[in-house]
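S.K.: File data_29.cif follows (mmCIF, C-alpha atoms):
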```
data_coords
loop_
_atom_site.group_PDB
_atom_site.id
_atom_site.type_symbol
_atom_site.label_atom_id
_atom_site.label_comp_id
_atom_site.auth_asym_id
_atom_site.auth_seq_id
_atom_site.Cartn_x
_atom_site.Cartn_y
_atom_site.Cartn_z
ATOM 1 C CA MET A 920 -10.042 15.795 -4.312
ATOM 2 C CA SER A 921 -11.910 16.129 -1.067
ATOM 3 C CA GLU A 922 -15.201 18.017 -0.899
ATOM 4 C CA HIS A 923 -13.552 20.726 1.191
ATOM 5 C CA VAL A 924 -10.014 22.024 0.706
ATOM 6 C CA ARG A 925 -8.898 24.577 3.263
ATOM 7 C CA GLN A 926 -6.604 27.471 2.578
ATOM 8 C CA THR A 927 -3.627 26.878 4.891
ATOM 9 C CA GLU A 928 -1.853 30.206 4.364
ATOM 10 C CA PRO A 929 -2.671 32.971 1.901
ATOM 11 C CA PHE A 930 -3.169 31.394 -1.536
ATOM 12 C CA ARG A 931 -1.872 27.996 -0.481
ATOM 13 C CA TRP A 932 -4.244 25.078 0.011
ATOM 14 C CA GLU A 933 -4.016 21.741 1.794
ATOM 15 C CA GLY A 934 -2.935 19.019 -0.599
ATOM 16 C CA VAL A 935 -2.527 21.398 -3.551
ATOM 17 C CA GLU A 936 1.014 21.293 -4.861
ATOM 18 C CA VAL A 937 2.807 24.521 -5.786
ATOM 19 C CA ARG A 938 4.266 23.618 -9.158
ATOM 20 C CA PRO A 939 6.554 25.248 -11.678
ATOM 21 C CA TYR A 940 4.578 27.258 -14.212
ATOM 22 C CA LYS A 941 6.112 25.309 -17.093
ATOM 23 C CA GLN A 942 8.720 22.588 -17.213
ATOM 24 C CA GLU A 943 11.492 24.693 -18.714
ATOM 25 C CA GLY A 944 12.303 27.855 -20.600
ATOM 26 C CA ALA A 945 13.468 31.432 -20.190
ATOM 27 C CA HIS A 946 10.311 32.929 -21.718
ATOM 28 C CA PHE A 947 8.697 33.508 -18.314
ATOM 29 C CA SER A 948 9.928 34.551 -14.874
ATOM 30 C CA GLY A 949 8.853 34.066 -11.270
ATOM 31 C CA VAL A 950 5.639 32.139 -11.912
ATOM 32 C CA THR A 951 4.103 29.255 -9.950
ATOM 33 C CA ARG A 952 0.997 27.228 -10.756
ATOM 34 C CA GLN A 953 -1.529 25.443 -8.557
ATOM 35 C CA LEU A 954 -4.333 23.284 -9.896
ATOM 36 C CA LEU A 955 -7.340 24.051 -7.694
ATOM 37 C CA PHE A 956 -9.936 22.023 -9.619
ATOM 38 C CA GLU A 957 -8.769 19.533 -12.199
ATOM 39 C CA GLY A 958 -12.127 18.794 -13.809
ATOM 40 C CA GLY A 959 -13.551 15.421 -14.779
ATOM 41 C CA ASP A 960 -16.639 13.732 -13.291
ATOM 42 C CA GLY A 961 -19.275 16.275 -14.233
ATOM 43 C CA LEU A 962 -16.924 19.146 -14.982
ATOM 44 C CA GLY A 963 -15.159 19.781 -18.307
ATOM 45 C CA CYS A 964 -13.004 22.642 -17.072
ATOM 46 C CA GLN A 965 -10.161 23.445 -14.715
ATOM 47 C CA LEU A 966 -9.431 26.263 -12.323
ATOM 48 C CA ARG A 967 -5.784 27.100 -11.822
ATOM 49 C CA TYR A 968 -4.126 29.671 -9.576
ATOM 50 C CA PHE A 969 -1.015 31.397 -10.914
ATOM 51 C CA GLU A 970 1.245 33.548 -8.821
ATOM 52 C CA VAL A 971 3.766 35.899 -10.368
ATOM 53 C CA ALA A 972 6.516 37.466 -8.238
ATOM 54 C CA PRO A 973 7.205 41.207 -8.419
ATOM 55 C CA GLY A 974 9.027 41.830 -11.691
ATOM 56 C CA GLY A 975 7.812 38.528 -13.143
ATOM 57 C CA TRP A 976 5.897 37.646 -16.289
ATOM 58 C CA THR A 977 4.090 34.738 -17.920
ATOM 59 C CA SER A 978 4.823 33.426 -21.415
ATOM 60 C CA LEU A 979 3.839 35.503 -24.386
ATOM 61 C CA GLU A 980 1.610 33.005 -26.200
ATOM 62 C CA ARG A 981 -1.673 32.293 -27.933
ATOM 63 C CA HIS A 982 -3.951 29.279 -28.514
ATOM 64 C CA ARG A 983 -7.410 28.375 -29.764
ATOM 65 C CA HIS A 984 -8.848 27.976 -26.265
ATOM 66 C CA ALA A 985 -9.889 31.033 -24.281
ATOM 67 C CA HIS A 986 -8.809 32.106 -20.803
ATOM 68 C CA ALA A 987 -11.178 33.505 -18.179
ATOM 69 C CA VAL A 988 -9.075 35.232 -15.547
ATOM 70 C CA MET A 989 -9.859 36.878 -12.222
ATOM 71 C CA LEU A 990 -7.135 38.633 -10.258
ATOM 72 C CA VAL A 991 -7.254 37.689 -6.590
ATOM 73 C CA GLN A 992 -4.196 39.516 -5.287
ATOM 74 C CA GLY A 993 -1.953 42.299 -6.497
ATOM 75 C CA ALA A 994 -2.079 44.092 -9.807
ATOM 76 C CA ALA A 995 -1.093 43.303 -13.385
ATOM 77 C CA ARG A 996 -0.282 44.778 -16.704
ATOM 78 C CA VAL A 997 -1.706 42.452 -19.314
ATOM 79 C CA LEU A 998 -1.246 42.281 -23.055
ATOM 80 C CA VAL A 999 -4.441 41.049 -24.704
ATOM 81 C CA GLY A 1000 -4.133 41.235 -28.483
ATOM 82 C CA ASP A 1001 -3.079 44.809 -29.216
ATOM 83 C CA ARG A 1002 -4.243 46.215 -25.869
ATOM 84 C CA ILE A 1003 -2.268 46.618 -22.662
ATOM 85 C CA VAL A 1004 -4.649 46.745 -19.711
ATOM 86 C CA GLU A 1005 -3.961 47.692 -16.100
ATOM 87 C CA ALA A 1006 -5.860 45.256 -13.901
ATOM 88 C CA ARG A 1007 -6.319 45.164 -10.137
ATOM 89 C CA THR A 1008 -7.478 42.635 -7.571
ATOM 90 C CA ASN A 1009 -10.942 41.237 -8.423
ATOM 91 C CA ASP A 1010 -10.862 42.603 -11.975
ATOM 92 C CA LEU A 1011 -11.716 40.153 -14.755
ATOM 93 C CA VAL A 1012 -9.647 39.577 -17.888
ATOM 94 C CA ARG A 1013 -10.852 37.611 -20.877
ATOM 95 C CA VAL A 1014 -8.365 36.283 -23.418
ATOM 96 C CA PRO A 1015 -10.214 35.333 -26.625
ATOM 97 C CA PRO A 1016 -9.036 32.517 -28.905
ATOM 98 C CA LEU A 1017 -5.844 33.052 -30.926
ATOM 99 C CA THR A 1018 -4.981 36.261 -29.097
ATOM 100 C CA TRP A 1019 -1.418 37.018 -28.019
ATOM 101 C CA HIS A 1020 -1.295 37.586 -24.291
ATOM 102 C CA GLN A 1021 1.158 38.055 -21.452
ATOM 103 C CA PHE A 1022 0.657 38.841 -17.754
ATOM 104 C CA GLN A 1023 3.219 40.957 -15.899
ATOM 105 C CA THR A 1024 3.177 41.869 -12.225
ATOM 106 C CA ALA A 1025 2.544 45.555 -11.565
ATOM 107 C CA GLY A 1026 3.844 46.954 -8.286
ATOM 108 C CA SER A 1027 5.886 45.483 -5.486
ATOM 109 C CA THR A 1028 3.598 42.672 -4.291
ATOM 110 C CA PRO A 1029 2.895 39.318 -5.941
ATOM 111 C CA LEU A 1030 0.231 39.043 -8.586
ATOM 112 C CA GLY A 1031 -2.201 36.159 -8.071
ATOM 113 C CA PHE A 1032 -4.890 35.179 -10.513
ATOM 114 C CA LEU A 1033 -7.400 32.433 -11.140
ATOM 115 C CA CYS A 1034 -7.567 31.119 -14.683
ATOM 116 C CA MET A 1035 -10.456 28.983 -15.935
ATOM 117 C CA VAL A 1036 -9.914 26.814 -19.013
ATOM 118 C CA ASP A 1037 -11.464 23.813 -20.706
ATOM 119 C CA CYS A 1038 -9.870 20.468 -19.829
ATOM 120 C CA ASP A 1039 -9.748 19.653 -23.531
ATOM 121 C CA ARG A 1040 -7.625 22.409 -25.020
ATOM 122 C CA ASP A 1041 -4.837 22.981 -27.506
ATOM 123 C CA ALA A 1042 -1.197 23.630 -26.648
ATOM 124 C CA PRO A 1043 0.015 27.230 -26.512
ATOM 125 C CA GLU A 1044 1.966 28.647 -29.425
ATOM 126 C CA ARG A 1045 4.849 31.061 -28.853
ATOM 127 C CA PRO A 1046 5.620 33.791 -31.364
ATOM 128 C CA ASP A 1047 8.113 33.025 -34.115
ATOM 129 C CA ALA A 1048 10.365 35.712 -35.600
ATOM 130 C CA GLU A 1049 7.683 36.842 -38.035
ATOM 131 C CA ALA A 1050 5.042 37.136 -35.315
ATOM 132 C CA LEU A 1051 7.447 39.149 -33.165
ATOM 133 C CA VAL A 1052 8.061 41.580 -36.016
ATOM 134 C CA ALA A 1053 4.302 42.029 -36.359
ATOM 135 C CA LEU A 1054 3.826 42.510 -32.601
ATOM 136 C CA ARG A 1055 6.640 45.053 -32.429
ATOM 137 C CA ARG A 1056 5.071 47.230 -35.129
ATOM 138 C CA ASP A 1057 3.099 48.720 -32.243
ATOM 139 C CA PRO A 1058 5.725 50.541 -30.149
ATOM 140 C CA ALA A 1059 3.722 50.159 -26.915
ATOM 141 C CA VAL A 1060 3.444 46.407 -27.449
ATOM 142 C CA GLY A 1061 7.097 46.218 -28.466
ATOM 143 C CA ALA A 1062 8.125 47.953 -25.250
ATOM 144 C CA PHE A 1063 5.879 45.710 -23.147
ATOM 145 C CA ILE A 1064 6.578 42.180 -24.268
ATOM 146 C CA ARG A 1065 9.202 39.950 -22.701
ATOM 147 C CA VAL A 1066 10.311 36.973 -24.725
ATOM 148 C CA MET B 4 -17.679 40.950 -23.008
ATOM 149 C CA SER B 5 -14.719 43.277 -23.069
ATOM 150 C CA GLU B 6 -11.197 41.954 -22.517
ATOM 151 C CA HIS B 7 -11.032 43.828 -19.201
ATOM 152 C CA VAL B 8 -13.893 44.187 -16.746
ATOM 153 C CA ARG B 9 -13.109 46.340 -13.730
ATOM 154 C CA GLN B 10 -14.465 45.795 -10.270
ATOM 155 C CA THR B 11 -16.384 48.999 -9.514
ATOM 156 C CA GLU B 12 -17.095 48.340 -5.830
ATOM 157 C CA PRO B 13 -16.427 45.214 -3.786
ATOM 158 C CA PHE B 14 -17.756 42.218 -5.741
ATOM 159 C CA ARG B 15 -19.558 44.341 -8.311
ATOM 160 C CA TRP B 16 -18.210 44.698 -11.841
ATOM 161 C CA GLU B 17 -18.802 47.133 -14.669
ATOM 162 C CA GLY B 18 -21.493 45.850 -17.013
ATOM 163 C CA VAL B 19 -22.202 42.730 -14.938
ATOM 164 C CA GLU B 20 -25.811 42.653 -13.839
ATOM 165 C CA VAL B 21 -26.723 41.664 -10.271
ATOM 166 C CA ARG B 22 -29.514 39.178 -10.885
ATOM 167 C CA PRO B 23 -31.929 37.229 -8.761
ATOM 168 C CA TYR B 24 -30.503 33.822 -7.864
ATOM 169 C CA LYS B 25 -33.540 32.080 -9.353
ATOM 170 C CA GLN B 26 -36.704 33.361 -10.917
ATOM 171 C CA GLU B 27 -39.020 32.375 -8.097
ATOM 172 C CA GLY B 28 -39.425 30.201 -5.045
ATOM 173 C CA ALA B 29 -39.187 30.157 -1.273
ATOM 174 C CA HIS B 30 -36.522 27.443 -1.203
ATOM 175 C CA PHE B 31 -33.674 29.964 -0.938
ATOM 176 C CA SER B 32 -33.157 33.303 0.802
ATOM 177 C CA GLY B 33 -31.048 36.411 0.271
ATOM 178 C CA VAL B 34 -29.068 35.228 -2.750
ATOM 179 C CA THR B 35 -27.906 37.175 -5.811
ATOM 180 C CA ARG B 36 -26.120 35.899 -8.900
ATOM 181 C CA GLN B 37 -23.657 37.538 -11.289
ATOM 182 C CA LEU B 38 -22.391 35.893 -14.447
ATOM 183 C CA LEU B 39 -18.689 36.808 -14.648
ATOM 184 C CA PHE B 40 -17.755 34.663 -17.656
ATOM 185 C CA GLU B 41 -20.505 33.196 -19.774
ATOM 186 C CA GLY B 42 -18.381 30.817 -21.862
ATOM 187 C CA GLY B 43 -18.587 30.195 -25.586
ATOM 188 C CA ASP B 44 -15.873 30.985 -28.156
ATOM 189 C CA GLY B 45 -13.119 28.721 -26.883
ATOM 190 C CA LEU B 46 -14.556 28.155 -23.410
ATOM 191 C CA GLY B 47 -17.116 25.483 -22.463
ATOM 192 C CA CYS B 48 -17.646 26.688 -18.917
ATOM 193 C CA GLN B 49 -19.009 29.570 -16.901
ATOM 194 C CA LEU B 50 -17.890 31.407 -13.806
ATOM 195 C CA ARG B 51 -20.619 32.834 -11.634
ATOM 196 C CA TYR B 52 -20.437 34.864 -8.433
ATOM 197 C CA PHE B 53 -23.107 34.231 -5.810
ATOM 198 C CA GLU B 54 -23.640 36.394 -2.782
ATOM 199 C CA VAL B 55 -25.670 35.237 0.187
ATOM 200 C CA ALA B 56 -26.799 37.711 2.846
ATOM 201 C CA PRO B 57 -26.297 36.960 6.550
ATOM 202 C CA GLY B 58 -28.900 34.382 7.503
ATOM 203 C CA GLY B 59 -29.403 33.375 3.861
ATOM 204 C CA TRP B 60 -29.187 30.058 2.053
ATOM 205 C CA THR B 61 -29.117 28.620 -1.453
ATOM 206 C CA SER B 62 -31.459 25.911 -2.732
ATOM 207 C CA LEU B 63 -31.043 22.394 -1.467
ATOM 208 C CA GLU B 64 -30.550 20.571 -4.760
ATOM 209 C CA ARG B 65 -28.536 18.094 -6.798
ATOM 210 C CA HIS B 66 -27.708 17.500 -10.469
ATOM 211 C CA ARG B 67 -25.439 15.461 -12.702
ATOM 212 C CA HIS B 68 -23.024 18.330 -13.292
ATOM 213 C CA ALA B 69 -20.411 19.182 -10.664
ATOM 214 C CA HIS B 70 -19.730 22.494 -8.952
ATOM 215 C CA ALA B 71 -16.267 23.873 -8.298
ATOM 216 C CA VAL B 72 -16.576 26.591 -5.675
ATOM 217 C CA MET B 73 -14.140 29.042 -4.142
ATOM 218 C CA LEU B 74 -15.246 31.325 -1.336
ATOM 219 C CA VAL B 75 -14.086 34.887 -1.898
ATOM 220 C CA GLN B 76 -15.694 36.656 1.039
ATOM 221 C CA GLY B 77 -17.232 35.627 4.341
ATOM 222 C CA ALA B 78 -17.794 32.148 5.635
ATOM 223 C CA ALA B 79 -20.220 29.326 4.953
ATOM 224 C CA ARG B 80 -21.696 26.177 6.301
ATOM 225 C CA VAL B 81 -22.140 23.838 3.381
ATOM 226 C CA LEU B 82 -23.981 20.564 3.042
ATOM 227 C CA VAL B 83 -22.181 18.307 0.560
ATOM 228 C CA GLY B 84 -23.783 14.875 0.502
ATOM 229 C CA ASP B 85 -23.885 13.755 4.118
ATOM 230 C CA ARG B 86 -21.168 16.166 5.299
ATOM 231 C CA ILE B 87 -21.587 19.668 6.711
ATOM 232 C CA VAL B 88 -18.370 21.616 6.223
ATOM 233 C CA GLU B 89 -17.343 24.955 7.685
ATOM 234 C CA ALA B 90 -15.641 26.937 4.929
ATOM 235 C CA ARG B 91 -13.860 30.283 5.019
ATOM 236 C CA THR B 92 -12.693 32.838 2.485
ATOM 237 C CA ASN B 93 -10.419 31.277 -0.150
ATOM 238 C CA ASP B 94 -11.380 27.714 0.794
ATOM 239 C CA LEU B 95 -12.432 25.418 -2.035
ATOM 240 C CA VAL B 96 -15.575 23.296 -2.089
ATOM 241 C CA ARG B 97 -16.243 20.583 -4.622
ATOM 242 C CA VAL B 98 -19.775 19.306 -5.169
ATOM 243 C CA PRO B 99 -19.643 15.962 -7.020
ATOM 244 C CA PRO B 100 -22.400 14.834 -9.401
ATOM 245 C CA LEU B 101 -25.774 13.847 -7.908
ATOM 246 C CA THR B 102 -24.839 15.112 -4.466
ATOM 247 C CA TRP B 103 -27.312 17.053 -2.347
ATOM 248 C CA HIS B 104 -25.868 20.433 -1.434
ATOM 249 C CA GLN B 105 -26.813 23.716 0.177
ATOM 250 C CA PHE B 106 -24.769 26.807 1.072
ATOM 251 C CA GLN B 107 -25.671 28.856 4.137
ATOM 252 C CA THR B 108 -23.989 32.036 5.318
ATOM 253 C CA ALA B 109 -22.025 31.654 8.552
ATOM 254 C CA GLY B 110 -21.495 34.785 10.623
ATOM 255 C CA SER B 111 -22.705 38.331 10.269
ATOM 256 C CA THR B 112 -21.150 39.323 6.927
ATOM 257 C CA PRO B 113 -22.203 38.302 3.427
ATOM 258 C CA LEU B 114 -20.941 35.084 1.945
ATOM 259 C CA GLY B 115 -19.543 35.455 -1.574
ATOM 260 C CA PHE B 116 -18.395 32.551 -3.704
ATOM 261 C CA LEU B 117 -17.290 31.787 -7.228
ATOM 262 C CA CYS B 118 -18.873 28.748 -8.841
ATOM 263 C CA MET B 119 -17.473 27.160 -11.999
ATOM 264 C CA VAL B 120 -19.764 24.950 -14.089
ATOM 265 C CA ASP B 121 -19.971 23.554 -17.600
ATOM 266 C CA CYS B 122 -22.091 25.594 -20.019
ATOM 267 C CA ASP B 123 -23.836 22.406 -21.070
ATOM 268 C CA ARG B 124 -25.380 21.093 -17.875
ATOM 269 C CA ASP B 125 -28.552 19.535 -16.542
ATOM 270 C CA ALA B 126 -31.209 21.337 -14.513
ATOM 271 C CA PRO B 127 -31.092 21.038 -10.724
ATOM 272 C CA GLU B 128 -33.434 18.651 -8.959
ATOM 273 C CA ARG B 129 -34.973 19.553 -5.605
ATOM 274 C CA PRO B 130 -35.721 16.887 -3.024
ATOM 275 C CA ASP B 131 -39.166 15.286 -3.058
ATOM 276 C CA ALA B 132 -40.830 14.028 0.116
ATOM 277 C CA GLU B 133 -39.040 10.686 -0.055
ATOM 278 C CA ALA B 134 -35.637 12.321 -0.519
ATOM 279 C CA LEU B 135 -36.311 14.617 2.438
ATOM 280 C CA VAL B 136 -37.135 11.638 4.643
ATOM 281 C CA ALA B 137 -33.837 10.051 3.632
ATOM 282 C CA LEU B 138 -31.882 13.269 4.256
ATOM 283 C CA ARG B 139 -33.471 13.740 7.671
ATOM 284 C CA ARG B 140 -32.403 10.280 8.839
ATOM 285 C CA ASP B 141 -29.146 12.027 9.756
ATOM 286 C CA PRO B 142 -30.104 14.407 12.603
ATOM 287 C CA ALA B 143 -27.283 16.850 11.809
ATOM 288 C CA VAL B 144 -28.402 17.085 8.190
ATOM 289 C CA GLY B 145 -32.038 17.334 9.272
ATOM 290 C CA ALA B 146 -31.200 20.254 11.561
ATOM 291 C CA PHE B 147 -29.171 21.959 8.856
ATOM 292 C CA ILE B 148 -31.305 21.907 5.741
ATOM 293 C CA ARG B 149 -33.718 24.673 4.795
ATOM 294 C CA VAL B 150 -36.363 23.800 2.264
#
```
Turn this file's structure into structure tokens for me.
M.R.:
Amino acid sequence: MSEHVRQTEPFRWEGVEVRPYKQEGAHFSGVTRQLLFEGGDGLGCQLRYFEVAPGGWTSLERHRHAHAVMLVQGAARVLVGDRIVEARTNDLVRVPPLTWHQFQTAGSTPLGFLCMVDCDRDAPERPDAEALVALRRDPAVGAFIRV
Amino acid sequence: MSEHVRQTEPFRWEGVEVRPYKQEGAHFSGVTRQLLFEGGDGLGCQLRYFEVAPGGWTSLERHRHAHAVMLVQGAARVLVGDRIVEARTNDLVRVPPLTWHQFQTAGSTPLGFLCMVDCDRDAPERPDAEALVALRRDPAVGAFIRV
């Protein structure tokens, strides 16, 4: 990566590919991913930019690594553990280890957020039938989650 | 830190202290620092927000760890090695290991940038007389740097 990467249009950068969020699956909707800083050479972490279309959502998942998130456009409803938070542009969201989480766009404009993670991290786990039963014991969580 | 930290006014967040950039020194001007994510517990990196007043500048320094920077308000002139780049809001700037760098505000509004670093990192080094002579061999760099 060059020392300086210009934004070419809002939330698009020169030489940064707009990628699918994940390779396959129906457990998310309307999400793209851009790797802004890939880490390595003096940096053990990555910064990614995710964009979620109106009506879209990210995977409901958990993992041992944490997420440090900053919204940079739009608004979100976010499940973090047993809480559903309403977050706006420039708000911060922290997802602790082994905490079920899902981001959903709130409102009629795209949601864009930065997400900082360690380069060396475990793969996400999606909820099995038993975990879904446990999550749905809370009616608010049950009404929120998309799987 | 809570799972959700709201922005309370532009680039200020609930419970996040606005700190001096460094404890002392005349080698920087008009800079504040806020620690947005401190790392630990599943995250080996930090995200800081630095704000530089019009006419201000950060320390001229280098270190083995890298910086991954994203401007989030205003514009900057940035020394990265032997290059001076003109960066705008949402541009990305990468500072490789052992590379002299300095951020200066460009224009009449504050410069605000996110900076991602490893938690475990070395202390910055400032240029000694010999390093300054070497830097000033390039007239553009010599005219740019503030020490």
S.K.: Rank nothing, just name the residue among B:Val136, B:Val144, B:Val21, B:Val55 nearest to B:Phe106, using only C-alpha atoms.
M.R.: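 Nearest candidate to B:Phe106 out of B:Val136, B:Val144, B:Val21, B:Val55: B:Val55.
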S.K.: Could you tell me how far atom CA of A:Val1066 sits from atom CA of A:Arg1002, in Å to one decimal place?
M.R.: 17.3 Å
S.K.: So which one's closest to chain A, B:Val96, B:Leu63, B:Ala56, B:Met73? Using all atoms listed in the file, please.
M.R.: B:Val96
S.K.: Which residues fall under the PyMOL selection byres ((chain A) within 7 of (chain B)) in this file, as a list in words?
M.R.: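 Applying the PyMOL selection byres ((chain A) within 7 of (chain B)) to the structure shown produces Glu922, His923, Val924, Arg925, Gln926, Phe956, Gly961, Leu962, Gly963, Cys964, Arg983, His984, Ala985, Ala987, Asn1009, Asp1010, Leu1011, Val1012, Arg1013, Val1014, Pro1016, Val1036 and Asp1037 of chain A.
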S.K.: Could you do a least-squares fit of chain A on chain B over every C-alpha atom, in sequence order, and give the output as a short mmCIF file (atom, residue, chain, number, x, y, z; two decimals) with C-alpha atoms, in the coordinates of the input?
M.R.:
```
data_model
loop_
_atom_site.label_atom_id
_atom_site.label_comp_id
_atom_site.auth_asym_id
_atom_site.auth_seq_id
_atom_site.Cartn_x
_atom_site.Cartn_y
_atom_site.Cartn_z
CA MET A 920 -17.67 40.90 -22.97
CA SER A 921 -14.73 43.24 -23.05
CA GLU A 922 -11.20 41.96 -22.51
CA HIS A 923 -11.01 43.82 -19.20
CA VAL A 924 -13.88 44.19 -16.74
CA ARG A 925 -13.11 46.35 -13.73
CA GLN A 926 -14.46 45.80 -10.26
CA THR A 927 -16.39 49.00 -9.50
CA GLU A 928 -17.10 48.35 -5.81
CA PRO A 929 -16.42 45.21 -3.79
CA PHE A 930 -17.76 42.22 -5.75
CA ARG A 931 -19.57 44.34 -8.31
CA TRP A 932 -18.22 44.69 -11.84
CA GLU A 933 -18.81 47.14 -14.67
CA GLY A 934 -21.50 45.86 -17.01
CA VAL A 935 -22.20 42.74 -14.93
CA GLU A 936 -25.81 42.66 -13.84
CA VAL A 937 -26.71 41.66 -10.27
CA ARG A 938 -29.52 39.20 -10.88
CA PRO A 939 -31.94 37.23 -8.76
CA TYR A 940 -30.52 33.83 -7.87
CA LYS A 941 -33.54 32.07 -9.36
CA GLN A 942 -36.72 33.37 -10.92
CA GLU A 943 -39.03 32.39 -8.09
CA GLY A 944 -39.45 30.21 -5.04
CA ALA A 945 -39.19 30.18 -1.26
CA HIS A 946 -36.53 27.45 -1.19
CA PHE A 947 -33.68 29.96 -0.94
CA SER A 948 -33.15 33.30 0.80
CA GLY A 949 -31.03 36.40 0.28
CA VAL A 950 -29.06 35.22 -2.75
CA THR A 951 -27.90 37.19 -5.80
CA ARG A 952 -26.12 35.91 -8.90
CA GLN A 953 -23.65 37.54 -11.28
CA LEU A 954 -22.38 35.90 -14.44
CA LEU A 955 -18.69 36.82 -14.65
CA PHE A 956 -17.77 34.67 -17.66
CA GLU A 957 -20.53 33.19 -19.77
CA GLY A 958 -18.42 30.82 -21.84
CA GLY A 959 -18.59 30.21 -25.58
CA ASP A 960 -15.87 30.99 -28.15
CA GLY A 961 -13.11 28.74 -26.86
CA LEU A 962 -14.55 28.15 -23.40
CA GLY A 963 -17.12 25.49 -22.47
CA CYS A 964 -17.65 26.69 -18.91
CA GLN A 965 -19.01 29.58 -16.90
CA LEU A 966 -17.88 31.41 -13.80
CA ARG A 967 -20.62 32.83 -11.63
CA TYR A 968 -20.43 34.86 -8.43
CA PHE A 969 -23.11 34.23 -5.81
CA GLU A 970 -23.63 36.40 -2.79
CA VAL A 971 -25.67 35.25 0.17
CA ALA A 972 -26.80 37.73 2.84
CA PRO A 973 -26.29 36.97 6.53
CA GLY A 974 -28.90 34.38 7.48
CA GLY A 975 -29.41 33.37 3.85
CA TRP A 976 -29.18 30.06 2.03
CA THR A 977 -29.12 28.62 -1.48
CA SER A 978 -31.46 25.90 -2.74
CA LEU A 979 -31.05 22.40 -1.46
CA GLU A 980 -30.55 20.57 -4.76
CA ARG A 981 -28.55 18.09 -6.79
CA HIS A 982 -27.72 17.50 -10.48
CA ARG A 983 -25.44 15.46 -12.71
CA HIS A 984 -23.01 18.33 -13.29
CA ALA A 985 -20.41 19.17 -10.67
CA HIS A 986 -19.73 22.49 -8.96
CA ALA A 987 -16.25 23.87 -8.30
CA VAL A 988 -16.57 26.58 -5.68
CA MET A 989 -14.14 29.05 -4.14
CA LEU A 990 -15.24 31.34 -1.33
CA VAL A 991 -14.08 34.90 -1.91
CA GLN A 992 -15.70 36.66 1.03
CA GLY A 993 -17.23 35.64 4.33
CA ALA A 994 -17.78 32.15 5.63
CA ALA A 995 -20.22 29.32 4.94
CA ARG A 996 -21.69 26.19 6.29
CA VAL A 997 -22.14 23.84 3.38
CA LEU A 998 -23.98 20.56 3.04
CA VAL A 999 -22.19 18.30 0.57
CA GLY A 1000 -23.79 14.87 0.51
CA ASP A 1001 -23.87 13.74 4.13
CA ARG A 1002 -21.17 16.16 5.31
CA ILE A 1003 -21.58 19.66 6.71
CA VAL A 1004 -18.37 21.61 6.22
CA GLU A 1005 -17.34 24.96 7.68
CA ALA A 1006 -15.63 26.93 4.93
CA ARG A 1007 -13.86 30.28 5.02
CA THR A 1008 -12.69 32.84 2.49
CA ASN A 1009 -10.42 31.28 -0.17
CA ASP A 1010 -11.37 27.72 0.80
CA LEU A 1011 -12.42 25.42 -2.04
CA VAL A 1012 -15.57 23.29 -2.09
CA ARG A 1013 -16.24 20.58 -4.63
CA VAL A 1014 -19.77 19.30 -5.17
CA PRO A 1015 -19.64 15.96 -7.03
CA PRO A 1016 -22.40 14.84 -9.41
CA LEU A 1017 -25.77 13.85 -7.92
CA THR A 1018 -24.84 15.12 -4.46
CA TRP A 1019 -27.32 17.06 -2.34
CA HIS A 1020 -25.87 20.42 -1.43
CA GLN A 1021 -26.82 23.71 0.18
CA PHE A 1022 -24.76 26.80 1.06
CA GLN A 1023 -25.65 28.86 4.14
CA THR A 1024 -23.97 32.04 5.30
CA ALA A 1025 -22.02 31.65 8.53
CA GLY A 1026 -21.50 34.79 10.61
CA SER A 1027 -22.71 38.34 10.27
CA THR A 1028 -21.15 39.34 6.93
CA PRO A 1029 -22.20 38.32 3.42
CA LEU A 1030 -20.94 35.10 1.93
CA GLY A 1031 -19.52 35.45 -1.59
CA PHE A 1032 -18.38 32.56 -3.71
CA LEU A 1033 -17.28 31.79 -7.24
CA CYS A 1034 -18.86 28.75 -8.84
CA MET A 1035 -17.47 27.15 -12.00
CA VAL A 1036 -19.76 24.95 -14.09
CA ASP A 1037 -19.97 23.55 -17.59
CA CYS A 1038 -22.09 25.59 -20.01
CA ASP A 1039 -23.83 22.39 -21.06
CA ARG A 1040 -25.37 21.07 -17.87
CA ASP A 1041 -28.55 19.52 -16.53
CA ALA A 1042 -31.21 21.32 -14.51
CA PRO A 1043 -31.09 21.04 -10.72
CA GLU A 1044 -33.43 18.65 -8.95
CA ARG A 1045 -34.98 19.55 -5.60
CA PRO A 1046 -35.73 16.88 -3.02
CA ASP A 1047 -39.16 15.28 -3.06
CA ALA A 1048 -40.84 14.03 0.12
CA GLU A 1049 -39.04 10.69 -0.05
CA ALA A 1050 -35.63 12.31 -0.51
CA LEU A 1051 -36.31 14.62 2.44
CA VAL A 1052 -37.14 11.64 4.65
CA ALA A 1053 -33.84 10.05 3.64
CA LEU A 1054 -31.88 13.27 4.26
CA ARG A 1055 -33.48 13.76 7.66
CA ARG A 1056 -32.42 10.30 8.85
CA ASP A 1057 -29.16 12.02 9.76
CA PRO A 1058 -30.11 14.38 12.61
CA ALA A 1059 -27.28 16.83 11.81
CA VAL A 1060 -28.41 17.07 8.19
CA GLY A 1061 -32.04 17.31 9.28
CA ALA A 1062 -31.21 20.23 11.56
CA PHE A 1063 -29.17 21.96 8.85
CA ILE A 1064 -31.30 21.91 5.74
CA ARG A 1065 -33.72 24.66 4.80
CA VAL A 1066 -36.37 23.79 2.27
#
```
S.K.: Would you work out the distance separating atom CA of B:Leu38 from atom CA of B:Arg22, expressed in Å to one decimal?
M.R.: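 Atom CA of B:Leu38 sits 8.6 Å away from atom CA of B:Arg22.
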